[in-house]
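S.K.: Got a file for you: model.cif, mmCIF, C-alpha atoms.
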```
data_final
loop_
_atom_site.label_atom_id
_atom_site.label_comp_id
_atom_site.auth_asym_id
_atom_site.auth_seq_id
_atom_site.Cartn_x
_atom_site.Cartn_y
_atom_site.Cartn_z
CA MET A 1 0.00 0.00 0.00
CA VAL A 2 1.33 3.44 -0.94
CA GLU A 3 1.50 5.77 2.05
CA THR A 4 -0.28 9.09 1.63
CA PRO A 5 0.84 12.19 3.55
CA ALA A 6 -1.55 13.00 6.38
CA PRO A 7 -3.29 16.38 6.17
CA LEU A 8 -1.96 18.75 8.82
CA GLY A 9 -3.86 21.35 10.81
CA GLN A 10 -5.44 22.22 14.14
CA SER A 11 -7.91 25.00 13.32
CA VAL A 12 -11.63 24.52 13.97
CA PRO A 13 -12.66 24.51 10.24
CA PHE A 14 -9.90 22.02 9.38
CA LEU A 15 -10.76 19.65 12.24
CA ALA A 16 -14.45 19.84 11.34
CA HIS A 17 -13.58 18.83 7.77
CA MET A 18 -11.43 15.91 8.97
CA ASP A 19 -14.28 14.75 11.21
CA HIS A 20 -16.59 14.84 8.18
CA VAL A 21 -14.07 12.75 6.22
CA SER A 22 -13.95 10.15 9.01
CA ARG A 23 -17.75 9.93 9.12
CA VAL A 24 -18.27 9.54 5.37
CA ALA A 25 -15.34 7.18 4.70
CA PRO A 26 -17.01 3.94 5.91
CA VAL A 27 -20.19 4.59 3.87
CA ASP A 28 -19.74 2.95 0.47
CA ARG A 29 -21.30 5.70 -1.63
CA PRO A 30 -19.98 8.40 -4.01
CA VAL A 31 -18.48 11.51 -2.42
CA LEU A 32 -17.95 14.97 -3.93
CA ILE A 33 -15.14 17.17 -2.60
CA ILE A 34 -15.35 20.92 -3.25
CA GLY A 35 -12.42 23.25 -2.69
CA GLU A 36 -10.24 25.99 -4.11
CA ARG A 37 -7.01 25.05 -5.86
CA GLY A 38 -4.31 23.90 -3.49
CA THR A 39 -6.59 23.11 -0.54
CA GLY A 40 -5.77 19.38 -0.46
CA LYS A 41 -8.67 17.70 -2.27
CA GLU A 42 -6.55 14.70 -3.30
CA LEU A 43 -5.32 14.20 0.27
CA SER A 44 -8.91 14.16 1.51
CA ALA A 45 -9.89 11.68 -1.21
CA ALA A 46 -7.01 9.37 -0.28
CA ARG A 47 -8.00 9.55 3.38
CA ILE A 48 -11.59 8.61 2.49
CA HIS A 49 -10.29 5.56 0.61
CA PHE A 50 -7.83 4.37 3.26
CA LEU A 51 -10.39 4.78 6.06
CA SER A 52 -13.01 2.82 4.09
CA PRO A 53 -13.65 -0.95 3.90
CA ARG A 54 -11.97 -0.79 0.46
CA TRP A 55 -8.62 0.28 1.92
CA GLN A 56 -6.85 -2.88 0.72
CA GLY A 57 -8.05 -2.32 -2.84
CA PRO A 58 -6.49 0.04 -5.40
CA PHE A 59 -6.76 3.81 -5.17
CA VAL A 60 -6.68 5.07 -8.75
CA LYS A 61 -6.47 8.77 -9.68
CA LEU A 62 -7.22 10.74 -12.84
CA ASN A 63 -7.31 14.47 -13.58
CA CYS A 64 -10.26 14.93 -15.92
CA ALA A 65 -9.03 18.35 -17.07
CA ALA A 66 -5.66 17.05 -18.28
CA LEU A 67 -6.81 15.18 -21.40
CA PRO A 68 -8.94 15.86 -24.51
CA GLU A 69 -12.28 14.04 -24.74
CA THR A 70 -11.17 10.99 -26.78
CA LEU A 71 -8.10 10.32 -24.65
CA LEU A 72 -10.08 10.89 -21.45
CA GLU A 73 -12.64 8.29 -22.50
CA ALA A 74 -9.85 5.85 -23.30
CA GLU A 75 -8.18 6.49 -19.93
CA LEU A 76 -11.42 6.03 -18.01
CA PHE A 77 -12.92 3.03 -19.78
CA GLY A 78 -10.07 1.38 -21.66
CA VAL A 79 -9.49 0.70 -25.34
CA GLU A 80 -9.99 -2.29 -27.63
CA ALA A 81 -7.30 -3.01 -30.20
CA GLY A 82 -7.96 -1.06 -33.39
CA ALA A 83 -10.39 1.38 -31.75
CA PHE A 84 -8.43 4.26 -33.26
CA THR A 85 -5.11 4.89 -34.99
CA GLY A 86 -2.31 3.82 -32.69
CA ALA A 87 -4.45 1.50 -30.55
CA ALA A 88 -2.47 -1.62 -31.37
CA ARG A 89 -3.61 -3.64 -28.37
CA ARG A 90 -6.32 -3.83 -25.75
CA ARG A 91 -5.68 -1.59 -22.74
CA GLN A 92 -7.48 -1.44 -19.42
CA GLY A 93 -8.99 1.85 -18.27
CA ARG A 94 -8.91 3.41 -14.82
CA PHE A 95 -12.29 1.96 -13.83
CA GLU A 96 -11.02 -1.57 -14.50
CA LEU A 97 -7.81 -0.85 -12.61
CA ALA A 98 -9.82 0.46 -9.65
CA ASP A 99 -12.06 -2.64 -9.41
CA GLY A 100 -12.50 -3.48 -5.72
CA GLY A 101 -11.18 -0.11 -4.64
CA SER A 102 -11.78 3.60 -5.25
CA ILE A 103 -11.27 6.00 -8.14
CA PHE A 104 -10.53 9.69 -7.62
CA LEU A 105 -11.78 11.87 -10.47
CA ASP A 106 -10.23 15.29 -10.03
CA GLU A 107 -11.69 18.30 -11.86
CA ILE A 108 -14.88 16.37 -12.62
CA GLY A 109 -16.51 19.65 -13.66
CA ASN A 110 -14.32 19.70 -16.79
CA THR A 111 -15.65 16.37 -18.08
CA PRO A 112 -17.47 16.64 -21.45
CA LEU A 113 -21.23 16.02 -21.32
CA SER A 114 -20.91 13.00 -23.61
CA LEU A 115 -18.65 11.28 -21.09
CA GLN A 116 -20.73 12.30 -18.10
CA GLU A 117 -23.50 9.99 -19.28
CA LYS A 118 -21.08 7.04 -19.41
CA ILE A 119 -19.73 7.88 -15.95
CA LEU A 120 -23.29 8.05 -14.62
CA ARG A 121 -24.04 4.58 -16.00
CA THR A 122 -20.90 3.22 -14.38
CA ILE A 123 -21.95 4.69 -11.02
CA GLU A 124 -25.54 3.46 -11.36
CA TYR A 125 -24.93 -0.07 -12.64
CA GLY A 126 -21.19 -0.70 -12.30
CA GLU A 127 -20.88 -1.51 -16.00
CA PHE A 128 -19.39 -0.01 -19.17
CA GLU A 129 -17.77 -0.90 -22.50
CA ARG A 130 -14.21 -0.18 -23.56
CA LEU A 131 -13.72 2.37 -26.32
CA GLY A 132 -14.28 0.52 -29.61
CA GLY A 133 -15.69 -2.55 -27.85
CA THR A 134 -19.10 -4.20 -27.42
CA GLU A 135 -18.46 -6.41 -24.37
CA THR A 136 -20.09 -5.09 -21.19
CA LEU A 137 -17.70 -5.13 -18.24
CA LYS A 138 -18.75 -5.14 -14.58
CA VAL A 139 -16.73 -3.47 -11.79
CA SER A 140 -17.17 -2.57 -8.14
CA VAL A 141 -15.68 0.90 -7.68
CA ARG A 142 -16.32 3.73 -5.25
CA ILE A 143 -16.14 7.15 -6.88
CA VAL A 144 -14.65 10.15 -5.10
CA ALA A 145 -14.86 13.24 -7.32
CA ALA A 146 -13.48 16.74 -6.80
CA THR A 147 -13.87 20.17 -8.35
CA ASN A 148 -13.17 23.83 -7.67
CA VAL A 149 -16.27 25.06 -9.52
CA ASP A 150 -19.86 25.40 -8.37
CA LEU A 151 -21.44 22.31 -9.92
CA PRO A 152 -25.08 23.22 -9.11
CA SER A 153 -24.61 26.45 -11.11
CA ALA A 154 -22.92 24.51 -13.92
CA ALA A 155 -25.83 22.05 -13.96
CA ALA A 156 -28.36 24.90 -14.06
CA ALA A 157 -26.47 26.35 -17.03
CA GLY A 158 -26.51 23.00 -18.86
CA ARG A 159 -22.75 22.40 -18.56
CA PHE A 160 -23.08 19.48 -16.13
CA ARG A 161 -25.65 16.70 -15.99
CA GLU A 162 -28.06 17.15 -13.11
CA ASP A 163 -28.58 13.39 -12.76
CA LEU A 164 -24.82 12.83 -12.44
CA LEU A 165 -24.62 15.62 -9.88
CA ASP A 166 -27.42 13.96 -7.90
CA ARG A 167 -25.47 10.67 -7.80
CA LEU A 168 -22.14 12.25 -6.93
CA ALA A 169 -23.63 14.41 -4.20
CA PHE A 170 -24.58 11.63 -1.79
CA ASP A 171 -22.26 13.55 0.52
CA VAL A 172 -20.44 16.80 -0.23
CA LEU A 173 -17.30 17.89 1.61
CA THR A 174 -16.22 21.50 1.22
CA LEU A 175 -12.59 22.16 2.13
CA PRO A 176 -11.89 25.39 4.00
CA PRO A 177 -9.41 27.72 2.26
CA LEU A 178 -6.15 28.40 4.08
CA ARG A 179 -7.14 32.00 4.89
CA ALA A 180 -10.04 30.60 6.98
CA ARG A 181 -7.82 28.20 8.95
CA GLN A 182 -6.70 30.50 11.76
CA GLY A 183 -3.57 29.20 13.47
CA ASP A 184 -2.68 26.62 10.80
CA ILE A 185 -0.27 28.79 8.79
CA PRO A 186 2.57 28.76 11.39
CA LEU A 187 2.11 25.01 11.86
CA LEU A 188 2.26 24.28 8.14
CA ALA A 189 5.07 26.79 7.50
CA ASN A 190 7.33 25.16 10.08
CA HIS A 191 6.43 21.68 8.81
CA PHE A 192 7.33 22.52 5.20
CA GLY A 193 10.37 24.52 6.30
CA LEU A 194 11.72 21.62 8.34
CA GLY A 195 11.29 19.27 5.38
CA MET A 196 13.15 21.64 3.06
CA ALA A 197 15.94 22.17 5.60
CA LYS A 198 16.41 18.40 5.82
CA SER A 199 16.58 18.08 2.03
CA LEU A 200 19.26 20.80 2.01
CA GLN A 201 21.10 18.91 4.77
CA TRP A 202 21.01 21.78 7.22
CA PRO A 203 22.07 20.63 10.71
CA THR A 204 19.01 22.36 12.23
CA PHE A 205 16.00 24.35 11.09
CA PRO A 206 16.08 27.86 12.61
CA GLY A 207 12.41 28.63 12.00
CA PHE A 208 11.00 31.96 10.79
CA SER A 209 11.36 35.36 12.38
CA ASP A 210 8.28 37.04 13.88
CA ARG A 211 8.25 39.47 10.96
CA ALA A 212 8.35 36.73 8.31
CA MET A 213 5.70 34.68 10.11
CA ALA A 214 3.43 37.71 10.47
CA ALA A 215 3.74 38.39 6.74
CA MET A 216 2.69 34.81 5.97
CA ASP A 217 -0.10 34.88 8.53
CA THR A 218 -1.72 37.95 6.97
CA TYR A 219 -1.29 36.99 3.30
CA ALA A 220 -4.49 35.93 1.47
CA TRP A 221 -3.05 32.67 -0.04
CA PRO A 222 -5.05 32.38 -3.28
CA GLY A 223 -3.13 29.15 -4.00
CA ASN A 224 -3.75 27.84 -0.47
CA VAL A 225 -1.56 25.09 1.01
CA ARG A 226 0.21 24.37 -2.28
CA GLU A 227 1.22 28.03 -2.56
CA LEU A 228 2.31 28.14 1.09
CA LYS A 229 4.55 25.11 0.53
CA ASN A 230 6.21 26.81 -2.45
CA VAL A 231 6.70 30.08 -0.58
CA VAL A 232 8.21 28.36 2.46
CA GLU A 233 10.52 26.06 0.51
CA ARG A 234 11.68 28.98 -1.64
CA ALA A 235 12.40 31.05 1.48
CA VAL A 236 14.48 28.24 2.99
CA ALA A 237 16.34 27.58 -0.27
CA HIS A 238 17.25 31.28 -0.66
CA TRP A 239 18.30 31.82 2.97
CA THR A 240 22.06 31.95 3.43
CA GLU A 241 22.26 32.05 7.24
CA PRO A 242 20.98 28.68 8.52
CA GLU A 243 22.02 29.58 12.06
CA ASN A 244 19.57 32.54 12.12
CA ALA A 245 15.77 32.61 11.83
CA ILE A 246 14.57 33.09 8.24
CA ASP A 247 13.56 36.72 7.84
CA SER A 248 12.81 37.01 4.11
CA VAL A 249 9.76 35.63 2.31
CA THR A 250 8.93 36.12 -1.39
CA PHE A 251 5.26 35.66 -2.28
CA ASP A 252 5.52 36.50 -5.97
CA PRO A 253 8.52 34.82 -7.64
CA PHE A 254 7.76 36.76 -10.84
CA ALA A 255 8.27 40.14 -9.18
CA SER A 256 11.17 41.92 -10.91
CA PRO A 257 11.88 45.37 -12.34
CA PHE A 258 12.79 43.54 -15.58
CA ARG A 259 9.57 41.53 -15.82
CA PRO A 260 8.12 41.67 -19.37
CA PRO A 261 4.92 43.70 -19.65
CA ALA A 262 1.66 41.80 -19.73
CA ALA A 263 0.26 41.19 -23.18
CA ALA A 264 -2.72 43.39 -23.99
CA SER A 265 -5.87 41.33 -23.75
CA LYS A 266 -8.56 41.64 -26.39
CA VAL A 267 -11.79 43.18 -25.18
CA PRO A 268 -14.52 40.51 -25.54
CA LYS A 269 -17.44 41.37 -27.75
CA GLN A 270 -20.42 42.47 -25.77
CA SER A 271 -23.55 40.35 -26.09
CA PRO A 272 -26.60 42.05 -27.63
CA ASP A 273 -28.43 42.00 -24.28
CA PRO A 274 -25.80 42.18 -21.56
CA GLU A 275 -26.89 41.51 -17.99
CA PRO A 276 -27.22 44.72 -15.99
CA GLN A 277 -24.24 45.25 -13.70
CA PRO A 278 -24.71 46.50 -10.14
CA LYS A 279 -23.98 50.21 -9.86
CA ARG A 280 -21.53 51.52 -7.28
CA ALA A 281 -22.65 54.64 -5.46
CA ALA A 282 -21.19 57.67 -7.19
CA VAL A 283 -18.70 59.77 -5.27
CA PRO A 284 -19.39 63.49 -5.84
CA ILE A 285 -16.58 65.48 -7.44
CA ASP A 286 -16.38 68.87 -5.82
CA GLY A 287 -13.48 70.29 -7.78
CA ASP A 288 -10.84 68.89 -5.43
CA TYR A 289 -9.22 65.91 -7.22
CA ARG A 290 -7.38 64.58 -4.15
CA ALA A 291 -10.42 64.90 -1.90
CA SER A 292 -12.55 63.04 -4.45
CA LEU A 293 -10.04 60.21 -4.61
CA ASP A 294 -9.92 60.01 -0.82
CA ALA A 295 -13.70 59.91 -0.62
CA HIS A 296 -13.82 57.10 -3.17
CA ALA A 297 -11.13 55.09 -1.33
CA ARG A 298 -12.95 55.54 1.99
CA SER A 299 -16.19 54.35 0.36
CA LEU A 300 -14.48 51.22 -1.00
CA LEU A 301 -13.00 50.41 2.41
CA ALA A 302 -16.28 50.94 4.22
CA ASP A 303 -18.16 48.73 1.70
CA ALA A 304 -15.58 45.95 2.07
CA LEU A 305 -15.88 46.04 5.87
CA ILE A 306 -19.67 45.86 5.71
CA GLN A 307 -19.66 42.99 3.20
CA SER A 308 -17.12 41.02 5.25
CA LYS A 309 -19.04 41.72 8.49
CA HIS A 310 -16.00 43.65 9.71
CA ASN A 311 -13.66 40.66 9.34
CA GLN A 312 -10.55 42.59 8.34
CA ARG A 313 -8.74 39.62 6.77
CA ARG A 314 -11.69 38.89 4.49
CA ALA A 315 -12.02 42.56 3.65
CA ALA A 316 -8.33 42.71 2.76
CA ALA A 317 -8.66 39.68 0.47
CA ALA A 318 -11.71 41.20 -1.24
CA LEU A 319 -9.76 44.40 -1.96
CA GLY A 320 -6.59 42.62 -3.10
CA LEU A 321 -4.61 43.88 -0.10
CA ASN A 322 -2.72 42.08 2.61
CA TYR A 323 -3.75 42.55 6.23
CA ASN A 324 -1.08 45.13 7.05
CA GLN A 325 -1.93 47.19 3.98
CA LEU A 326 -5.61 47.18 4.90
CA ARG A 327 -4.86 48.28 8.47
CA HIS A 328 -2.77 51.15 7.12
CA GLU A 329 -5.61 52.29 4.86
CA LEU A 330 -8.21 51.97 7.62
CA ARG A 331 -6.03 54.04 9.94
CA LYS A 332 -5.46 56.62 7.19
CA TYR A 333 -9.19 57.11 6.65
CA GLY A 334 -10.25 56.88 10.30
CA LEU A 335 -12.08 53.55 9.92
CA LEU A 336 -10.38 51.57 12.69
CA PRO A 337 -12.80 50.74 15.53
CA SER A 338 -10.63 52.59 18.06
CA GLN A 339 -10.66 55.72 15.89
CA GLN A 340 -14.41 55.60 15.42
CA SER A 341 -15.14 55.16 19.14
CA ALA A 342 -12.79 58.08 19.95
CA SER A 343 -14.63 60.32 17.58
#
```
Show me, as structure tokens, the structure contained in the file I just sent.
M.R.:
Amino acid sequence: MVETPAPLGQSVPFLAHMDHVSRVAPVDRPVLIIGERGTGKELSAARIHFLSPRWQGPFVKLNCAALPETLLEAELFGVEAGAFTGAARRRQGRFELADGGSIFLDEIGNTPLSLQEKILRTIEYGEFERLGGTETLKVSVRIVAATNVDLPSAAAAGRFREDLLDRLAFDVLTLPPLRARQGDIPLLANHFGLGMAKSLQWPTFPGFSDRAMAAMDTYAWPGNVRELKNVVERAVAHWTEPENAIDSVTFDPFASPFRPPAAASKVPKQSPDPEPQPKRAAVPIDGDYRASLDAHARSLLADALIQSKHNQRRAAAALGLNYNQLRHELRKYGLLPSQQSAS
């Protein structure tokens, strides 16, 4: 059996998710995992398999977004010799290989509609035909699917079969993003840092300075745990003083004064009847350019605070700022709670 890394965390949202995984794992039904990129969907799927009665069977994985339709069908269901040019011999598909175990279908939302019907039949009846074949094959496979898109919306728009969604959604697990896992960033940062220090053969791992850890703790992490791992390992690899705490962290490896300019994107053609867009309240211009800009900035900050229910980290993420930048702007415009109570 291949060992899978255990998910790591101690925050309330993370522990609630792990408890959900433990409860659904023994129930031999399809499971759908929802989460942003880099949140650990594959780790959760592996844990479901290895905590299930099928743990001694195979755990087979396939990224449905990585292949064009014909190759994806061949990978899932197998190929008979002569099915298409280059198919010189019969080849088993992932469903056959997963017989008696589980199959993890990542990015299920990217599966073409024509294949979704065949996947549905396999879930419903446990049977399918290889590409180019007529023999009906029977398998016993548990499906764990994952996506980072809203499948109910995709189904309502006709991009995903509603009957397949119904079968996959026996139980739905939604992974919390890293920015919602308060207290987990230092734990994960030190874990990844220690691993990188070992690979570099450092005698010890000095950890991160308070300043570096604070910067990581307030960053929005759009790439979640995967991005954190890259940032931490890069910081360790670039640090030249292993005896001192790491004090430098680079979030954007592309940042450079010599970075090529972004290519101009083409403006998409507007549809004949575009949907009306919500209007932002106009900020009056009173002849003072700077004052008008300040008024607009203050309005944006106030709106973000209201929409995030005054959670400053969420407000910062919504505005594309880090936590420290947001605090600076709130202080500048008198929007910190202490400033408002004093006034």
S.K.: Would you mind reading off the distance between atom CA of A:Glu241 and atom CA of A:Leu194, one decimal, in Å?
M.R.: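 Interatomic distance, atom CA of A:Glu241 to atom CA of A:Leu194: 14.9 Å.
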S.K.: Point out the residue among A:Ala6, A:Leu164, A:Leu300, A:Pro203 with the least atom-to-atom distance to A:Glu117, counting only C-alpha atoms.
M.R.: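 The closest residue to A:Glu117 is A:Leu164.
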S.K.: Name all residues at most 10 Å from stretch 225-239 of chain A (count all atoms listed in the file; drop same-chain ones fewer than 4 positions away) and give them as a PyMOL selection string.
M.R.: chain A and resi 37-40+177-179+184-185+188-197+199-200+205-208+212+216+219+221+244-253
S.K.: Kindly export the residues of the current selection with C-alpha atoms, as a short mmCIF file (atom, residue, chain, number, x, y, z; two decimals), in the coordinates of the input.
M.R.:
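Output below, filename again21.cif:
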```
data_model
loop_
_atom_site.label_atom_id
_atom_site.label_comp_id
_atom_site.auth_asym_id
_atom_site.auth_seq_id
_atom_site.Cartn_x
_atom_site.Cartn_y
_atom_site.Cartn_z
CA ARG A 37 -7.01 25.05 -5.86
CA GLY A 38 -4.31 23.90 -3.49
CA THR A 39 -6.59 23.11 -0.54
CA GLY A 40 -5.77 19.38 -0.46
CA PRO A 177 -9.41 27.72 2.26
CA LEU A 178 -6.15 28.40 4.08
CA ARG A 179 -7.14 32.00 4.89
CA ASP A 184 -2.68 26.62 10.80
CA ILE A 185 -0.27 28.79 8.79
CA LEU A 188 2.26 24.28 8.14
CA ALA A 189 5.07 26.79 7.50
CA ASN A 190 7.33 25.16 10.08
CA HIS A 191 6.43 21.68 8.81
CA PHE A 192 7.33 22.52 5.20
CA GLY A 193 10.37 24.52 6.30
CA LEU A 194 11.72 21.62 8.34
CA GLY A 195 11.29 19.27 5.38
CA MET A 196 13.15 21.64 3.06
CA ALA A 197 15.94 22.17 5.60
CA SER A 199 16.58 18.08 2.03
CA LEU A 200 19.26 20.80 2.01
CA PHE A 205 16.00 24.35 11.09
CA PRO A 206 16.08 27.86 12.61
CA GLY A 207 12.41 28.63 12.00
CA PHE A 208 11.00 31.96 10.79
CA ALA A 212 8.35 36.73 8.31
CA MET A 216 2.69 34.81 5.97
CA TYR A 219 -1.29 36.99 3.30
CA TRP A 221 -3.05 32.67 -0.04
CA ASN A 244 19.57 32.54 12.12
CA ALA A 245 15.77 32.61 11.83
CA ILE A 246 14.57 33.09 8.24
CA ASP A 247 13.56 36.72 7.84
CA SER A 248 12.81 37.01 4.11
CA VAL A 249 9.76 35.63 2.31
CA THR A 250 8.93 36.12 -1.39
CA PHE A 251 5.26 35.66 -2.28
CA ASP A 252 5.52 36.50 -5.97
CA PRO A 253 8.52 34.82 -7.64
#
```
S.K.: Would you kindly return, as a list in words, each protein, DNA or RNA residue with an atom no farther than 12 Å from any atom of A:Asp163, considering all atoms listed in the file and excluding same-chain residues fewer than 2 positions away?
M.R.: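 Here the answer would be Leu113, Gln116, Glu117, Lys118, Ile119, Leu120, Arg121, Ile123, Glu124, Leu151, Pro152, Ala155, Ala156, Gly158, Phe160, Arg161, Leu165, Asp166, Arg167, Leu168, Ala169 and Phe170 of chain A.
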S.K.: Quick check on the file I pasted: which residues fall under the PyMOL selection byres ((chain A and resi 64) around 12)? Write them as number ranges by chain.
M.R.: A: 61-63, 65-76, 94, 103-112, 115-116, 119, 145-147
S.K.: Expand the PyMOL selection byres ((chain A and resi 25) around 8) into the individual residues it matches in the shown file, reporting them as number ranges by chain.
M.R.: A: 21-24, 26-28, 47-49, 51-52
S.K.: Could you write out as lines of an AutoDock Vina configuration file the box around stretch 306-315 of chain A (axis-aligned, all atoms listed in the file, 6 Å on each side), with centre and edge lengths in Å to one decimal?
M.R.:
```
center_x = -14.2
center_y = 42.4
center_z = 6.5
size_x = 22.9
size_y = 19.0
size_z = 18.5
```
S.K.: Could you tell me how far atom CA of A:Phe128 sits from atom CA of A:Arg91, in Å to one decimal place?
M.R.: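 About the pair atom CA of A:Arg91 and atom CA of A:Phe128: they are 14.3 Å apart.
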